[in-house]
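Student: Pasting a structure here, questions to come.
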Amino acid sequence: MLEELAINGLKVAYRDEGKGPPSVLIGHCSSASHKEWLPLIEEVKQDARVLAPDFIGYGRSDPWPLGTPFALDADVAVLTALANKTKGPLHFVGHSYGAALALEAARQLGPRVKSLTLVEPVAFHLLRLERRPEWAEIERLGLSVLTAVARGDDRAAAAAFMGYWLGRFKWWLSPEPFKAAIAATIRKVALEITIAIDAETGLSDYTAVTAPCLFIVGSKTRAPARAVVDMLGATLPDATVKVLKGAGHMSPFTHPSELNRLILDHLAVRR
């Protein structure tokens with residue numbers, strides 16, 4: 001049974017398990033939902049309260065209103081609102097888009113945050129701001145997705161997006177229901193991609209996140225994802241980077257046991 005809260009007039013669904021303090025907020029990737037983290041939630045709820053939302057446009061939450069400008073703050077507000085429902089130490093876990101949101105929420109919440117465990121946060125705007133060569137790859141991906149969405153071809157946009165992260169052959173072999181589910185959410189993904197084009201939060205701004213942060217990156221991930229982790233790992237005051245052997249960007253789905261062990265070990269140290 002999911003709980004609900006209202007964020008700027010939109011219904012946001014979330015899972016609330018276990019008892020705190022401490023409390024652990026868990027964020028999912030683009031085109032997913034809190035279900036991405038169900039095995040981890042089952043583990044963590046034995047020792048802490050776990051709050052895992054469906055971000056706007058995903059799972060049981062409302063879609064983003066058509067024609068309304070989108071900003072990262074809309075989904076960051078989901079995490080900060082859930083944080084305000086808790087007391088005591090606060091820990092963040094996130095993957096991809098959810099990891100980028102957790103990083104932004106941690107900047108706002110300050111000393112309440114006691115740890116972060118972030119799996120390949122897609123703070124790709126940093127590549128643009130730092131003039132990294134990896135930005136060109138993300139720019140091409142964004143153009144492919146946004147162009148397909150603009151002409152109303154959600155299936156092509158989904159193929160461009162997931163083909164990049166999964167590989168074109170794996171996408172081609174994916175079950176039809178999975179492809180349809182990605183296509184159904186790709187317009188929200190397109191809005192998220194615009195963040196990488198427009199965001200101005202600089203690398204030095206993240207030095208405000210002083211809590212211990214574990215970055216996890218797959219050994220076979222895409223170069224832009226690895227570049228972001230390397231930059232943030234070298235910038236945050238208390239950061240560690242661990243490489244998950246054999247994994248790509250989608251490690252919560254492909255290597256859940258190995259990934260969750262790293263996450264649980266970090267949480268156990270920081271409670």
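Within each chain, counting starts at residue 1; across the structure tokens, chains are named A, B, ... in the order shown, with ligands numbered 1 upward in that order.
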Restrict the calculation to only C-alpha atoms, then for each residue of stretch 196-262 of chain A with any atom at most 8 Å from an atom of stretch 33-48 of chain A give the closest atom pair and their distance in Å to one decimal, rows by chain and rising residue number, as JSON lines.
Tutor:
{"residue": "A:Pro252", "atom": "CA", "partner": "A:Glu36", "partner_atom": "CA", "distance": 7.1}
{"residue": "A:Phe253", "atom": "CA", "partner": "A:Glu36", "partner_atom": "CA", "distance": 7.4}
{"residue": "A:Asn260", "atom": "CA", "partner": "A:Leu40", "partner_atom": "CA", "distance": 6.2}
Student: Excluding A:Ala199 and residues on its chain fewer than 3 positions from it, collect all residues at most 8 Å away from it, counting only C-alpha atoms, and give them as a PyMOL selection string.
Tutor: chain A and resi 125+195-196
Student: Just want the 9 Å neighbourhood of A:Gly246, counted on only C-alpha atoms, with same-chain residues fewer than 6 positions away dropped. Output as a ChimeraX atom specification.
Tutor: /A:218-221,255
Student: Give me the residues within 8 Å of stretch 181-184 of chain A as a VMD selection string, counting only C-alpha atoms and dropping any in the same chain fewer than 3 places off.
Tutor: chain A and resid 31 154 to 155 157 to 158 177 to 178 187
Student: Which residues are near A:Ala106? Cut-off 9 Å, only C-alpha atoms, ignore same chain within fewer than 2 positions. Put them as a list in words.
Tutor: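 Skipping anything fewer than 2 positions along the chain leaves Thr80, Phe92, Leu101, Ala102, Leu103, Glu104, Gln108, Leu109, Gly110, Pro111, Arg112, Val113, Leu116, Ala208, Val209 and Ala211 of chain A.
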Student: Just C-alpha atoms for this one: save the residues we selected as an mmCIF file, in the first residue's frame.
Tutor:
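Wrote it out as result.cif, contents follow:
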data_model
loop_
_atom_site.group_PDB
_atom_site.id
_atom_site.type_symbol
_atom_site.label_atom_id
_atom_site.label_comp_id
_atom_site.auth_asym_id
_atom_site.auth_seq_id
_atom_site.Cartn_x
_atom_site.Cartn_y
_atom_site.Cartn_z
ATOM 1 C CA THR A 80 12.708 17.335 0.855
ATOM 2 C CA PHE A 92 20.122 9.141 0.923
ATOM 3 C CA LEU A 101 18.107 14.465 -7.075
ATOM 4 C CA ALA A 102 19.527 13.152 -3.793
ATOM 5 C CA LEU A 103 22.659 15.226 -4.300
ATOM 6 C CA GLU A 104 20.577 18.378 -4.796
ATOM 7 C CA GLN A 108 19.378 21.971 0.735
ATOM 8 C CA LEU A 109 19.075 19.866 3.881
ATOM 9 C CA GLY A 110 22.620 20.434 5.098
ATOM 10 C CA PRO A 111 23.734 18.808 8.380
ATOM 11 C CA ARG A 112 20.597 16.678 8.697
ATOM 12 C CA VAL A 113 22.069 14.416 6.023
ATOM 13 C CA LEU A 116 24.790 9.526 0.702
ATOM 14 C CA ALA A 208 28.417 22.178 0.497
ATOM 15 C CA VAL A 209 27.616 18.444 0.764
ATOM 16 C CA ALA A 211 28.258 14.182 4.646
#
Student: Here is a test: counting only C-alpha atoms, which residue of A:Cys29, A:Leu166, A:Val149, A:Ala52 is nearest to A:Glu3?
Tutor: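 Among the listed residues, A:Ala52 lies closest to A:Glu3.
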Student: Near A:Arg222, counting only C-alpha atoms, which residues have an atom at most 8 Å away, once you skip same-chain residues fewer than 4 positions from it, shown as number ranges by chain?
Tutor: A: 165, 226, 248-249
Student: Keeping only C-alpha atoms, write those residues as a PDB file, in the first residue's frame.
Tutor:
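part.pdb was written with the following content:
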ATOM      1  CA  TRP A 165      22.130   2.771 -21.696  1.00  0.00           C
ATOM      2  CA  ARG A 226      32.122   7.726 -15.172  1.00  0.00           C
ATOM      3  CA  GLY A 248      27.022  -0.905 -16.601  1.00  0.00           C
ATOM      4  CA  HIS A 249      24.793   2.033 -15.735  1.00  0.00           C
TER       5      HIS A 249
END
